[in-house]
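A.B. asks: For reference, this is run17.txt, and it has compact mmCIF, C-alpha atoms.
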# COMPACT_ATOMS: atom_id res chain seq x y z
CA MET A 1 0.00 0.00 0.00
CA SER A 2 1.22 3.52 -0.80
CA LYS A 3 2.48 5.59 2.10
CA SER A 4 -0.33 7.79 3.37
CA GLN A 5 1.70 10.98 3.76
CA ASN A 6 2.48 10.95 0.03
CA ASN A 7 -1.02 10.26 -1.30
CA VAL A 8 -3.00 13.04 -2.96
CA ALA A 9 -6.13 12.12 -4.93
CA LEU A 10 -7.57 14.04 -7.87
CA VAL A 11 -11.16 13.24 -8.89
CA PHE A 12 -12.48 14.35 -12.26
CA GLY A 13 -16.28 14.69 -12.06
CA ALA A 14 -16.50 14.85 -8.28
CA THR A 15 -20.23 15.59 -8.12
CA GLY A 16 -21.43 12.88 -10.51
CA ILE A 17 -22.93 9.64 -9.25
CA SER A 18 -19.54 7.87 -9.25
CA GLY A 19 -17.24 10.83 -8.63
CA TRP A 20 -19.21 11.88 -5.55
CA ALA A 21 -18.93 8.38 -4.10
CA VAL A 22 -15.20 8.15 -4.85
CA THR A 23 -14.57 11.52 -3.24
CA LYS A 24 -16.56 10.52 -0.14
CA ASN A 25 -14.90 7.10 0.21
CA LEU A 26 -11.38 8.47 -0.27
CA LEU A 27 -11.79 10.19 3.10
CA SER A 28 -12.05 6.89 4.96
CA TYR A 29 -11.09 3.96 2.72
CA PRO A 30 -8.99 1.88 3.00
CA THR A 31 -8.09 3.94 6.10
CA SER A 32 -8.85 7.46 7.29
CA THR A 33 -5.19 8.43 6.78
CA THR A 34 -4.55 6.92 3.35
CA PHE A 35 -4.88 10.28 1.59
CA ALA A 36 -3.50 13.59 2.83
CA ARG A 37 -5.51 15.58 0.26
CA ILE A 38 -8.58 14.83 -1.84
CA ILE A 39 -9.07 17.25 -4.72
CA GLY A 40 -12.45 17.20 -6.43
CA LEU A 41 -13.08 18.88 -9.78
CA THR A 42 -16.64 20.00 -10.47
CA HIS A 43 -18.35 21.41 -13.54
CA ARG A 44 -20.10 24.18 -11.61
CA PRO A 45 -18.75 26.05 -8.57
CA ARG A 46 -19.98 24.26 -5.44
CA THR A 47 -19.17 24.39 -1.76
CA VAL A 48 -18.60 21.19 0.19
CA GLN A 49 -21.89 21.78 1.97
CA GLU A 50 -23.76 22.11 -1.33
CA THR A 51 -22.39 18.78 -2.56
CA GLY A 52 -23.42 16.89 0.56
CA LEU A 53 -19.85 15.67 1.04
CA PRO A 54 -18.41 15.44 4.57
CA GLN A 55 -16.79 18.51 6.06
CA ASP A 56 -13.12 17.54 6.14
CA SER A 57 -10.01 19.73 6.03
CA ARG A 58 -8.43 17.37 3.49
CA LEU A 59 -11.20 17.90 0.94
CA GLU A 60 -10.80 20.61 -1.71
CA LEU A 61 -13.22 21.45 -4.54
CA TYR A 62 -12.36 23.41 -7.68
CA SER A 63 -14.32 24.29 -10.81
CA GLY A 64 -13.66 26.03 -14.10
CA ILE A 65 -11.47 23.40 -15.79
CA ASP A 66 -12.87 22.80 -19.27
CA LEU A 67 -11.70 19.44 -20.57
CA ARG A 68 -13.17 20.28 -23.98
CA ALA A 69 -10.61 23.05 -24.44
CA SER A 70 -7.13 22.59 -25.91
CA LEU A 71 -4.55 20.66 -23.89
CA ASP A 72 -2.55 23.84 -23.34
CA ASP A 73 -5.63 25.56 -21.94
CA VAL A 74 -6.43 22.60 -19.69
CA ASN A 75 -2.86 22.61 -18.35
CA THR A 76 -3.06 26.35 -17.66
CA GLN A 77 -6.44 26.02 -15.96
CA MET A 78 -5.28 23.17 -13.74
CA GLN A 79 -2.10 24.98 -12.72
CA SER A 80 -3.99 28.18 -11.90
CA LYS A 81 -6.92 26.51 -10.12
CA ILE A 82 -5.28 23.68 -8.15
CA PRO A 83 -2.59 24.55 -5.60
CA ASN A 84 0.43 22.24 -5.82
CA VAL A 85 -1.12 20.11 -8.53
CA ASP A 86 2.24 18.40 -8.96
CA GLU A 87 1.63 16.60 -5.63
CA VAL A 88 -1.21 14.48 -7.09
CA THR A 89 -0.45 10.77 -6.84
CA HIS A 90 -3.77 9.09 -7.71
CA VAL A 91 -6.27 10.15 -10.37
CA TYR A 92 -9.86 8.91 -10.63
CA TYR A 93 -11.41 9.80 -13.97
CA LEU A 94 -15.22 9.85 -13.67
CA ALA A 95 -16.08 12.79 -15.92
CA TYR A 96 -18.64 12.62 -18.72
CA THR A 97 -20.83 14.97 -20.68
CA ASN A 98 -24.51 15.39 -19.85
CA ALA A 99 -25.31 13.92 -23.25
CA THR A 100 -26.01 10.21 -23.14
CA ALA A 101 -25.82 7.26 -25.51
CA TYR A 102 -29.60 7.50 -25.93
CA THR A 103 -29.47 10.67 -28.05
CA GLU A 104 -29.15 10.66 -31.80
CA ASN A 105 -25.65 12.16 -32.07
CA VAL A 106 -23.81 9.19 -30.59
CA MET A 107 -20.65 9.72 -32.63
CA GLU A 108 -20.40 13.34 -31.52
CA ILE A 109 -20.77 12.18 -27.92
CA LYS A 110 -18.01 9.66 -28.50
CA HIS A 111 -15.60 12.29 -29.82
CA ILE A 112 -16.36 14.69 -26.96
CA ASN A 113 -15.80 12.09 -24.25
CA ALA A 114 -12.70 10.66 -25.88
CA GLY A 115 -11.23 14.15 -26.26
CA MET A 116 -11.95 15.02 -22.64
CA THR A 117 -10.20 11.87 -21.48
CA ARG A 118 -7.20 12.49 -23.71
CA ASN A 119 -6.80 15.98 -22.26
CA ALA A 120 -7.09 14.71 -18.68
CA VAL A 121 -4.57 11.90 -19.17
CA ASN A 122 -2.00 14.10 -20.87
CA ALA A 123 -2.51 16.95 -18.41
CA VAL A 124 -1.87 14.88 -15.29
CA ASP A 125 1.03 13.11 -17.00
CA GLN A 126 2.66 16.47 -17.68
CA LEU A 127 1.72 18.33 -14.48
CA CYS A 128 1.75 15.68 -11.74
CA SER A 129 5.37 14.67 -11.22
CA GLY A 130 4.39 12.38 -8.33
CA LEU A 131 1.69 10.50 -10.22
CA LYS A 132 1.43 6.83 -9.24
CA PHE A 133 -1.89 5.56 -10.62
CA PHE A 134 -4.75 6.53 -12.94
CA VAL A 135 -8.20 4.86 -12.65
CA LEU A 136 -10.58 5.01 -15.61
CA GLN A 137 -14.20 4.01 -15.05
CA THR A 138 -16.01 2.72 -18.13
CA GLY A 139 -18.87 0.20 -18.11
CA THR A 140 -20.58 -2.80 -19.62
CA ASN A 141 -20.97 -1.08 -22.96
CA ASN A 142 -17.47 -2.47 -23.49
CA TYR A 143 -19.47 -5.59 -24.32
CA GLY A 144 -21.98 -3.72 -26.49
CA VAL A 145 -24.98 -4.02 -24.18
CA ALA A 146 -26.15 -0.44 -24.83
CA VAL A 147 -25.40 -0.17 -28.54
CA PHE A 148 -29.10 -0.08 -29.26
CA ARG A 149 -28.83 0.50 -33.01
CA TYR A 150 -27.12 -2.84 -33.52
CA GLN A 151 -28.59 -5.11 -30.86
CA ASP A 152 -29.41 -7.66 -33.52
CA LYS A 153 -25.77 -7.66 -34.69
CA ILE A 154 -24.00 -7.94 -31.33
CA ALA A 155 -23.92 -11.23 -29.45
CA ILE A 156 -24.10 -10.90 -25.66
CA ASN A 157 -23.01 -14.15 -24.05
CA PRO A 158 -22.98 -13.88 -20.25
CA PRO A 159 -21.24 -14.10 -17.94
CA LEU A 160 -19.32 -11.22 -19.53
CA ARG A 161 -15.55 -11.45 -18.99
CA GLU A 162 -12.83 -8.86 -19.28
CA ASP A 163 -10.86 -10.78 -21.93
CA GLN A 164 -13.72 -10.79 -24.43
CA PRO A 165 -12.76 -9.08 -27.73
CA ARG A 166 -13.98 -5.61 -28.57
CA ILE A 167 -17.13 -5.20 -30.64
CA PRO A 168 -15.90 -4.92 -34.24
CA SER A 169 -16.54 -2.00 -36.59
CA PRO A 170 -19.00 -0.67 -37.54
CA TYR A 171 -21.10 -1.99 -34.64
CA GLY A 172 -18.67 -0.92 -31.94
CA ASP A 173 -17.65 2.40 -33.47
CA GLU A 174 -19.74 4.48 -31.06
CA ILE A 175 -18.23 2.92 -27.90
CA PHE A 176 -15.96 5.69 -26.62
CA TYR A 177 -14.54 3.48 -23.87
CA TYR A 178 -12.22 1.93 -26.44
CA ASP A 179 -10.72 5.34 -27.30
CA GLN A 180 -10.29 6.16 -23.62
CA VAL A 181 -8.39 2.94 -22.95
CA ASP A 182 -6.29 3.38 -26.09
CA CYS A 183 -5.24 6.81 -24.85
CA LEU A 184 -3.93 5.32 -21.59
CA LYS A 185 -2.11 2.61 -23.50
CA GLU A 186 -0.45 5.24 -25.69
CA VAL A 187 0.60 7.66 -22.94
CA SER A 188 1.60 5.33 -20.09
CA PRO A 189 4.52 3.25 -21.49
CA GLY A 190 7.81 4.10 -19.81
CA LYS A 191 6.12 6.26 -17.16
CA GLN A 192 6.36 5.82 -13.39
CA TRP A 193 2.59 5.56 -13.07
CA GLY A 194 0.21 2.69 -13.72
CA TRP A 195 -3.46 2.55 -14.64
CA CYS A 196 -6.50 0.30 -14.71
CA GLU A 197 -10.01 0.26 -16.12
CA VAL A 198 -13.07 -0.57 -13.99
CA ARG A 199 -16.30 -1.75 -15.65
CA PRO A 200 -19.53 -1.44 -13.64
CA ASP A 201 -22.97 -2.19 -14.97
CA GLN A 202 -25.92 0.19 -14.50
CA ILE A 203 -25.00 2.20 -11.42
CA ILE A 204 -27.11 2.21 -8.27
CA GLY A 205 -26.72 5.21 -6.04
CA HIS A 206 -27.67 8.71 -5.08
CA VAL A 207 -26.06 12.14 -5.28
CA PRO A 208 -27.43 15.07 -3.26
CA ALA A 209 -26.93 17.36 -6.26
CA VAL A 210 -29.34 16.50 -9.07
CA THR A 211 -27.78 14.43 -11.86
CA SER A 212 -29.31 12.94 -15.00
CA MET A 213 -27.30 9.72 -14.79
CA THR A 214 -29.30 7.93 -12.13
CA TYR A 215 -32.52 5.97 -12.02
CA VAL A 216 -32.74 5.43 -8.27
CA GLU A 217 -34.00 8.85 -7.17
CA PRO A 218 -36.69 9.03 -9.89
CA LEU A 219 -37.89 5.54 -8.93
CA ALA A 220 -37.91 6.51 -5.25
CA LEU A 221 -39.97 9.59 -6.04
CA TYR A 222 -42.32 7.58 -8.27
CA LEU A 223 -42.88 4.86 -5.67
CA SER A 224 -43.34 7.40 -2.87
CA LEU A 225 -45.96 9.25 -4.85
CA TYR A 226 -47.63 5.99 -5.90
CA ARG A 227 -47.91 5.08 -2.24
CA TYR A 228 -49.28 8.53 -1.44
CA VAL A 229 -51.89 8.37 -4.22
CA TYR A 230 -53.05 4.75 -3.84
CA GLY A 231 -52.20 4.00 -0.21
CA PRO A 232 -50.20 1.27 1.55
CA GLY A 233 -50.55 -2.24 0.19
CA ALA A 234 -51.41 -1.05 -3.31
CA LYS A 235 -50.13 -3.12 -6.21
CA VAL A 236 -47.60 -1.28 -8.35
CA PRO A 237 -46.82 -2.87 -11.73
CA PHE A 238 -43.25 -2.87 -13.03
CA PRO A 239 -43.10 0.18 -15.35
CA GLY A 240 -40.95 -1.50 -17.99
CA THR A 241 -41.21 -4.22 -20.61
CA PRO A 242 -41.94 -7.90 -19.90
CA LYS A 243 -38.53 -8.83 -21.29
CA ASN A 244 -36.76 -6.33 -19.04
CA PHE A 245 -38.65 -7.72 -16.08
CA VAL A 246 -37.02 -11.12 -16.40
CA TYR A 247 -33.57 -10.51 -17.92
CA THR A 248 -30.63 -11.14 -15.60
CA HIS A 249 -27.83 -8.74 -14.78
CA THR A 250 -25.43 -7.81 -11.99
CA GLU A 251 -25.97 -4.20 -10.96
CA SER A 252 -23.22 -2.08 -9.41
CA SER A 253 -23.68 0.20 -6.39
CA GLN A 254 -21.67 3.41 -6.30
CA ASP A 255 -19.96 2.55 -3.00
CA ILE A 256 -18.94 -0.94 -4.14
CA ILE A 257 -17.61 0.46 -7.42
CA THR A 258 -15.60 3.24 -5.87
CA ARG A 259 -14.15 1.17 -3.05
CA ALA A 260 -13.00 -1.34 -5.66
CA GLU A 261 -11.36 1.48 -7.62
CA ILE A 262 -9.54 2.76 -4.57
CA TYR A 263 -8.54 -0.77 -3.60
CA LEU A 264 -7.04 -1.49 -7.01
CA SER A 265 -5.13 1.79 -7.15
CA VAL A 266 -3.82 1.85 -3.58
CA VAL A 267 -3.75 -1.72 -2.26
CA LYS A 268 -3.01 -3.71 -5.44
CA PRO A 269 -1.54 -1.28 -7.99
CA GLU A 270 1.02 -3.75 -9.35
CA GLN A 271 -1.57 -6.46 -10.00
CA ALA A 272 -4.08 -3.94 -11.41
CA ASN A 273 -1.71 -2.10 -13.75
CA GLY A 274 -2.86 -2.23 -17.35
CA GLU A 275 -5.84 -4.43 -16.54
CA ALA A 276 -9.63 -4.17 -16.79
CA PHE A 277 -11.93 -5.34 -14.00
CA ASN A 278 -15.66 -5.96 -13.91
CA ILE A 279 -17.33 -4.80 -10.72
CA ALA A 280 -20.82 -5.46 -9.34
CA ASP A 281 -22.56 -5.90 -6.01
CA THR A 282 -22.68 -9.66 -6.41
CA SER A 283 -21.81 -12.26 -9.02
CA LYS A 284 -25.26 -13.80 -8.49
CA PRO A 285 -27.45 -12.79 -11.44
CA GLY A 286 -30.62 -10.93 -10.60
CA SER A 287 -33.60 -9.57 -12.48
CA TRP A 288 -36.26 -6.94 -12.00
CA SER A 289 -38.67 -9.74 -11.15
CA ILE A 290 -36.56 -10.26 -8.01
CA LYS A 291 -35.78 -6.61 -7.29
CA TRP A 292 -39.08 -4.93 -8.02
CA PRO A 293 -40.99 -6.51 -5.10
CA ILE A 294 -38.07 -5.60 -2.80
CA LEU A 295 -38.05 -1.98 -3.93
CA ALA A 296 -41.82 -1.66 -3.79
CA GLY A 297 -41.87 -3.26 -0.34
CA TYR A 298 -39.68 -0.46 1.02
CA PHE A 299 -42.66 1.85 0.42
CA GLY A 300 -45.28 -0.56 1.72
CA LEU A 301 -46.39 -1.48 -1.80
CA GLU A 302 -46.75 -4.81 -3.60
CA GLY A 303 -44.53 -4.92 -6.67
CA THR A 304 -46.04 -6.93 -9.52
CA GLY A 305 -45.12 -7.71 -13.11
CA PRO A 306 -45.80 -5.28 -15.97
CA LYS A 307 -49.33 -4.79 -17.20
CA PRO A 308 -50.20 -6.14 -20.66
CA ARG A 309 -50.08 -3.48 -23.36
CA ASP A 310 -51.48 -3.36 -26.87
CA ASN A 311 -48.82 -0.95 -28.06
CA GLU A 312 -45.17 -1.67 -27.28
CA GLU A 313 -44.44 2.07 -27.08
CA GLU A 314 -46.70 2.31 -24.04
CA TRP A 315 -44.16 0.47 -21.89
CA GLY A 316 -42.17 2.65 -19.54
CA GLN A 317 -44.46 5.69 -19.54
CA ILE A 318 -43.45 6.38 -15.96
CA ASP A 319 -42.77 10.03 -16.79
CA THR A 320 -46.33 10.52 -18.05
CA TRP A 321 -47.79 9.19 -14.80
CA TRP A 322 -45.44 11.46 -12.85
CA ALA A 323 -46.49 14.52 -14.86
CA ASP A 324 -50.18 13.69 -14.41
CA HIS A 325 -49.85 13.60 -10.61
CA GLN A 326 -47.86 16.75 -9.90
CA LYS A 327 -50.66 18.25 -7.82
CA GLU A 328 -50.54 15.23 -5.52
CA TYR A 329 -46.73 15.47 -5.46
CA GLU A 330 -46.93 19.06 -4.25
CA GLN A 331 -49.40 17.98 -1.58
CA MET A 332 -47.11 15.13 -0.48
CA CYS A 333 -44.13 17.48 -0.21
CA LYS A 334 -46.13 19.93 1.87
CA GLU A 335 -47.60 17.25 4.11
CA TYR A 336 -44.27 15.54 4.84
CA GLY A 337 -42.02 18.62 4.71
CA LEU A 338 -40.08 17.36 1.70
CA ARG A 339 -37.64 19.10 -0.61
CA GLN A 340 -39.45 19.31 -3.93
CA ARG A 341 -37.41 17.94 -6.85
CA LYS A 342 -37.73 18.42 -10.58
CA ILE A 343 -36.90 15.43 -12.74
CA GLU A 344 -35.31 16.62 -15.99
CA ASP A 345 -36.16 15.16 -19.39
CA ALA A 346 -32.61 13.76 -19.73
CA THR A 347 -33.12 11.84 -16.49
CA TRP A 348 -36.40 10.35 -17.69
CA ILE A 349 -34.71 9.28 -20.94
CA PHE A 350 -32.04 7.51 -18.90
CA VAL A 351 -34.61 5.84 -16.63
CA LYS A 352 -36.88 4.72 -19.45
CA ALA A 353 -33.99 3.33 -21.48
CA GLY A 354 -33.05 1.11 -18.56
CA LEU A 355 -36.64 -0.09 -18.22
CA THR A 356 -37.40 -0.73 -21.89
CA LEU A 357 -34.28 -1.14 -24.05
CA LEU A 358 -31.90 -3.47 -22.21
CA ASN A 359 -33.79 -6.57 -23.19
CA ARG A 360 -31.07 -9.21 -22.79
CA ASN A 361 -29.23 -11.07 -20.05
CA ARG A 362 -25.93 -9.32 -19.35
CA GLU A 363 -24.51 -10.51 -16.01
CA MET A 364 -20.77 -10.15 -15.47
CA SER A 365 -18.14 -12.50 -14.13
CA LEU A 366 -16.38 -11.15 -11.02
CA ASP A 367 -13.67 -13.83 -11.02
CA LYS A 368 -10.92 -11.40 -11.95
CA ILE A 369 -11.49 -8.78 -9.26
CA ARG A 370 -12.00 -11.53 -6.69
CA SER A 371 -8.62 -12.98 -7.71
CA VAL A 372 -6.85 -9.82 -6.51
CA GLY A 373 -8.60 -9.87 -3.15
CA PHE A 374 -11.56 -7.49 -3.45
CA THR A 375 -14.44 -9.44 -1.94
CA GLU A 376 -17.02 -6.87 -0.76
CA GLU A 377 -20.51 -7.97 -1.72
CA TRP A 378 -24.08 -6.79 -1.26
CA ALA A 379 -27.23 -8.84 -1.76
CA ILE A 380 -29.59 -8.18 -4.68
CA GLY A 381 -31.63 -5.08 -3.90
CA GLU A 382 -29.45 -3.93 -0.98
CA GLY A 383 -27.86 -1.13 -2.99
CA GLN A 384 -31.21 0.39 -3.85
CA LEU A 385 -32.46 0.14 -0.27
CA ARG A 386 -29.35 1.91 1.03
CA ALA A 387 -29.84 4.62 -1.57
CA PHE A 388 -33.50 4.99 -0.56
CA ASP A 389 -32.37 5.52 3.04
CA ARG A 390 -30.02 8.31 1.91
CA ILE A 391 -32.75 9.93 -0.15
CA ALA A 392 -35.16 9.80 2.80
CA ALA A 393 -32.51 11.26 5.13
CA GLU A 394 -32.28 14.25 2.78
CA LYS A 395 -36.05 14.80 3.02
CA ILE A 396 -36.61 14.03 -0.66
CA ILE A 397 -39.02 11.18 0.11
CA PRO A 398 -40.86 10.41 3.37
CA ASP A 399 -38.94 8.19 5.76
CA LYS A 400 -40.36 4.90 7.03
CA THR A 401 -41.39 6.40 10.35
CA SER A 402 -43.52 8.98 8.57
CA TRP A 403 -45.16 6.31 6.43
CA ASP A 404 -45.90 4.19 9.49
CA ARG A 405 -47.55 7.10 11.29
CA GLN A 406 -49.64 7.89 8.23
CA SER A 407 -50.71 4.25 7.91
CA GLN A 408 -51.96 4.23 11.49
CA VAL A 409 -54.00 7.37 10.86
CA GLU A 410 -55.47 5.92 7.68
CA ASP A 411 -56.43 2.70 9.49
CA ILE A 412 -58.22 4.62 12.20
CA GLU A 413 -60.06 6.80 9.69
CA GLY A 414 -61.28 3.79 7.75
CA HIS A 415 -58.91 3.95 4.79
CA VAL A 416 -57.01 1.03 3.32
CA SER A 417 -54.85 -0.75 5.87
CA ARG A 418 -51.49 -2.39 5.23
CA THR A 419 -53.23 -5.66 4.34
CA GLY A 420 -55.50 -3.96 1.81
CA VAL A 421 -58.62 -4.60 3.96
CA VAL A 422 -60.93 -1.65 4.46
CA VAL A 423 -61.43 -0.99 8.17
CA HIS A 424 -65.01 0.07 9.05
Represent the structure of the file as structure tokens.
C.D. replies:
Amino acid sequence: MSKSQNNVALVFGATGISGWAVTKNLLSYPTSTTFARIIGLTHRPRTVQETGLPQDSRLELYSGIDLRASLDDVNTQMQSKIPNVDEVTHVYYLAYTNATAYTENVMEIKHINAGMTRNAVNAVDQLCSGLKFFVLQTGTNNYGVAVFRYQDKIAINPPLREDQPRIPSPYGDEIFYYDQVDCLKEVSPGKQWGWCEVRPDQIIGHVPAVTSMTYVEPLALYLSLYRYVYGPGAKVPFPGTPKNFVYTHTESSQDIITRAEIYLSVVKPEQANGEAFNIADTSKPGSWSIKWPILAGYFGLEGTGPKPRDNEEEWGQIDTWWADHQKEYEQMCKEYGLRQRKIEDATWIFVKAGLTLLNRNREMSLDKIRSVGFTEEWAIGEGQLRAFDRIAAEKIIPDKTSWDRQSQVEDIEGHVSRTGVVVH
């Protein structure tokens, strides 16, 4: 393990769903003294309090570094914004544009993300004389699972393993992860620093600042409002397709992902150098048919399978239901003293894509990361439940105590009880 007094972490994208979790975990994992400084880079100026990160003298946040600019400009910005940037020893690259792979201009998105990564890699290589390790987070689109235009051309044969070949051209041309990894392979030879790539699947987690790249908060808001509108014990159908309801996958929680990334870079840098690692909560495949009742149960609801539809495009219209019940949402926020949230269109696109488009089994093998000693594991559904607890603690959804009190009142007044029996 690297000596703690020499470790300085730099996190690109420190307020995103993964960057926020890395920044938070760096303060305590693998020990509370592993890093002397944690430097987080954010797109917009934010205070530590605004991000919801712990108040800690080692934590520094800086904004105003535009990775889309020229490399010279990025170098100048980093030198002027970050005191003693040369002290950085560990870099965690978790930056991405707000555009997603579900828009039409996928090749433009690829070029933007690849260019941002190239600037970041070359900048830290040139500016950080003490650099020891660079972590790049990519994802299961390495295996083509989200190349929706060519799903009929790409074979997905789980369990997905890190040594599987890249998706060939033209079907894999939009996967910018390949360009990001190629950049590291080009820049790193002969340098004193190593690198690795970490591949999570769809990320479970929560960030206090609103982000479009999460489905957990929108689902929590949806299920809370569903409970408020229809009462405890109501049946809530899965809001996605029948195929999505039963396909198997191995989801990745933000804390598991980021602790694995820190582990590889600090505890096992020699073994991790130049390698890719899948990461997920558990190697046991799960499906929405398993998770949906668990998630619904958190809110006192009964999660059921999707309703039959005549038109396939009607699947996943969760955003329409949400829009139609905004008056009830305002009432719920007022009644429970909640912070009212606005769910952006980009977030709904991300949520609906996960519920309707990923219609194949895609579980990953975790043999490789287990072979280097990272063994943390959470049960299916545990990541979502932990995220729900965080969201409730921030007064975005009612907490369980509030629901329980409301249920007792409803029972007394003759409304639907927890068992669904009307009390007279």
A.B. asks: Need the shell around Phe374 (chain A): protein/DNA/RNA residues with any atom at most 9 Å away, counting only C-alpha atoms. Skip same-chain ones fewer than 4 positions apart. Format as a ChimeraX atom specification?
C.D. replies: /A:260,263-264,369-370
A.B. asks: A:Ala296, A:Leu358, A:Ile262, A:Ile203: which is nearest Tyr29 (chain A), counting all atoms listed in the file?
C.D. replies: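 Nearest to Tyr29 (chain A): A:Ile262.
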A.B. asks: I'd like the neighbourhood of Phe388 (chain A) as a PyMOL selection string, where a residue qualifies if any of its atoms comes within 10 Å (using all atoms listed in the file), though same-chain residues fewer than 6 positions away should be ignored.
C.D. replies: chain A and resi 205-206+216-217+219-221+295+298-299+382+394+396-399
A.B. asks: Taking (-1.0, 4.8, -12.6) in the file's own coordinates, collect the residues within 9 Å, counting all atoms listed in the file, and hand them back as a list in words.
C.D. replies: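 The residues that fall inside the cut-off are Thr89, His90, Val91, Leu131, Lys132, Phe133, Phe134, Val135, Ser188, Lys191, Gln192, Trp193, Gly194, Trp195, Cys196, Ser265, Pro269, Asn273 and Gly274 of chain A.
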A.B. asks: Any chance you can output those residues with C-alpha atoms as a short mmCIF file (atom, residue, chain, number, x, y, z; two decimals), in the coordinates of the input?
C.D. replies:
data_model
loop_
_atom_site.label_atom_id
_atom_site.label_comp_id
_atom_site.auth_asym_id
_atom_site.auth_seq_id
_atom_site.Cartn_x
_atom_site.Cartn_y
_atom_site.Cartn_z
CA THR A 89 -0.45 10.77 -6.84
CA HIS A 90 -3.77 9.09 -7.71
CA VAL A 91 -6.27 10.15 -10.37
CA LEU A 131 1.69 10.50 -10.22
CA LYS A 132 1.43 6.83 -9.24
CA PHE A 133 -1.89 5.56 -10.62
CA PHE A 134 -4.75 6.53 -12.94
CA VAL A 135 -8.20 4.86 -12.65
CA SER A 188 1.60 5.33 -20.09
CA LYS A 191 6.12 6.26 -17.16
CA GLN A 192 6.36 5.82 -13.39
CA TRP A 193 2.59 5.56 -13.07
CA GLY A 194 0.21 2.69 -13.72
CA TRP A 195 -3.46 2.55 -14.64
CA CYS A 196 -6.50 0.30 -14.71
CA SER A 265 -5.13 1.79 -7.15
CA PRO A 269 -1.54 -1.28 -7.99
CA ASN A 273 -1.71 -2.10 -13.75
CA GLY A 274 -2.86 -2.23 -17.35
#
A.B. asks: Can you report as JSON the centre and edge lengths in Å, to one decimal, of an axis-aligned box around the listed atoms of region 399-405 of chain A padded with 8 Å on each side?
C.D. replies:
{"center_x": -43.2, "center_y": 6.6, "center_z": 8.5, "size_x": 24.6, "size_y": 20.8, "size_z": 21.5}
A.B. asks: Do you know which residues are at most 10 Å from region 30-42 of chain A counting only C-alpha atoms, after dropping those on the same chain fewer than 2 positions away, and could you put them as a PyMOL selection string?
C.D. replies: chain A and resi 1-16+19-20+22-28+44-46+48+51+56-66+78+81-83+85+87-92+95+259+262-263+266-267
A.B. asks: Residues of the last selection are to be written out with C-alpha atoms, as a CSV table (one decimal), keeping the file's coordinate frame.
C.D. replies:
chain,number,residue,atom,x,y,z
A,1,MET,CA,0.0,0.0,0.0
A,2,SER,CA,1.2,3.5,-0.8
A,3,LYS,CA,2.5,5.6,2.1
A,4,SER,CA,-0.3,7.8,3.4
A,5,GLN,CA,1.7,11.0,3.8
A,6,ASN,CA,2.5,11.0,0.0
A,7,ASN,CA,-1.0,10.3,-1.3
A,8,VAL,CA,-3.0,13.0,-3.0
A,9,ALA,CA,-6.1,12.1,-4.9
A,10,LEU,CA,-7.6,14.0,-7.9
A,11,VAL,CA,-11.2,13.2,-8.9
A,12,PHE,CA,-12.5,14.4,-12.3
A,13,GLY,CA,-16.3,14.7,-12.1
A,14,ALA,CA,-16.5,14.8,-8.3
A,15,THR,CA,-20.2,15.6,-8.1
A,16,GLY,CA,-21.4,12.9,-10.5
A,19,GLY,CA,-17.2,10.8,-8.6
A,20,TRP,CA,-19.2,11.9,-5.6
A,22,VAL,CA,-15.2,8.2,-4.8
A,23,THR,CA,-14.6,11.5,-3.2
A,24,LYS,CA,-16.6,10.5,-0.1
A,25,ASN,CA,-14.9,7.1,0.2
A,26,LEU,CA,-11.4,8.5,-0.3
A,27,LEU,CA,-11.8,10.2,3.1
A,28,SER,CA,-12.0,6.9,5.0
A,44,ARG,CA,-20.1,24.2,-11.6
A,45,PRO,CA,-18.8,26.0,-8.6
A,46,ARG,CA,-20.0,24.3,-5.4
A,48,VAL,CA,-18.6,21.2,0.2
A,51,THR,CA,-22.4,18.8,-2.6
A,56,ASP,CA,-13.1,17.5,6.1
A,57,SER,CA,-10.0,19.7,6.0
A,58,ARG,CA,-8.4,17.4,3.5
A,59,LEU,CA,-11.2,17.9,0.9
A,60,GLU,CA,-10.8,20.6,-1.7
A,61,LEU,CA,-13.2,21.4,-4.5
A,62,TYR,CA,-12.4,23.4,-7.7
A,63,SER,CA,-14.3,24.3,-10.8
A,64,GLY,CA,-13.7,26.0,-14.1
A,65,ILE,CA,-11.5,23.4,-15.8
A,66,ASP,CA,-12.9,22.8,-19.3
A,78,MET,CA,-5.3,23.2,-13.7
A,81,LYS,CA,-6.9,26.5,-10.1
A,82,ILE,CA,-5.3,23.7,-8.2
A,83,PRO,CA,-2.6,24.6,-5.6
A,85,VAL,CA,-1.1,20.1,-8.5
A,87,GLU,CA,1.6,16.6,-5.6
A,88,VAL,CA,-1.2,14.5,-7.1
A,89,THR,CA,-0.4,10.8,-6.8
A,90,HIS,CA,-3.8,9.1,-7.7
A,91,VAL,CA,-6.3,10.2,-10.4
A,92,TYR,CA,-9.9,8.9,-10.6
A,95,ALA,CA,-16.1,12.8,-15.9
A,259,ARG,CA,-14.2,1.2,-3.0
A,262,ILE,CA,-9.5,2.8,-4.6
A,263,TYR,CA,-8.5,-0.8,-3.6
A,266,VAL,CA,-3.8,1.8,-3.6
A,267,VAL,CA,-3.8,-1.7,-2.3
A.B. asks: Considering only C-alpha atoms, state which residue in the set A:Ser129, A:Thr76, A:Asn141, A:Asn361 is at the smallest distance from Phe176 (chain A).
C.D. replies: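 Nearest to Phe176 (chain A): A:Asn141.
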A.B. asks: Around the point (-4.1, -8.1, -5.9), in the coordinates given by the file, pick out the residues reaching within 7 Å, counting only C-alpha atoms, and return them as a compact mmCIF listing (two decimals) with C-alpha atoms, in the coordinates of the input.
C.D. replies:
# COMPACT_ATOMS: atom_id res chain seq x y z
CA LYS A 268 -3.01 -3.71 -5.44
CA GLN A 271 -1.57 -6.46 -10.00
CA ALA A 272 -4.08 -3.94 -11.41
CA SER A 371 -8.62 -12.98 -7.71
CA VAL A 372 -6.85 -9.82 -6.51
CA GLY A 373 -8.60 -9.87 -3.15
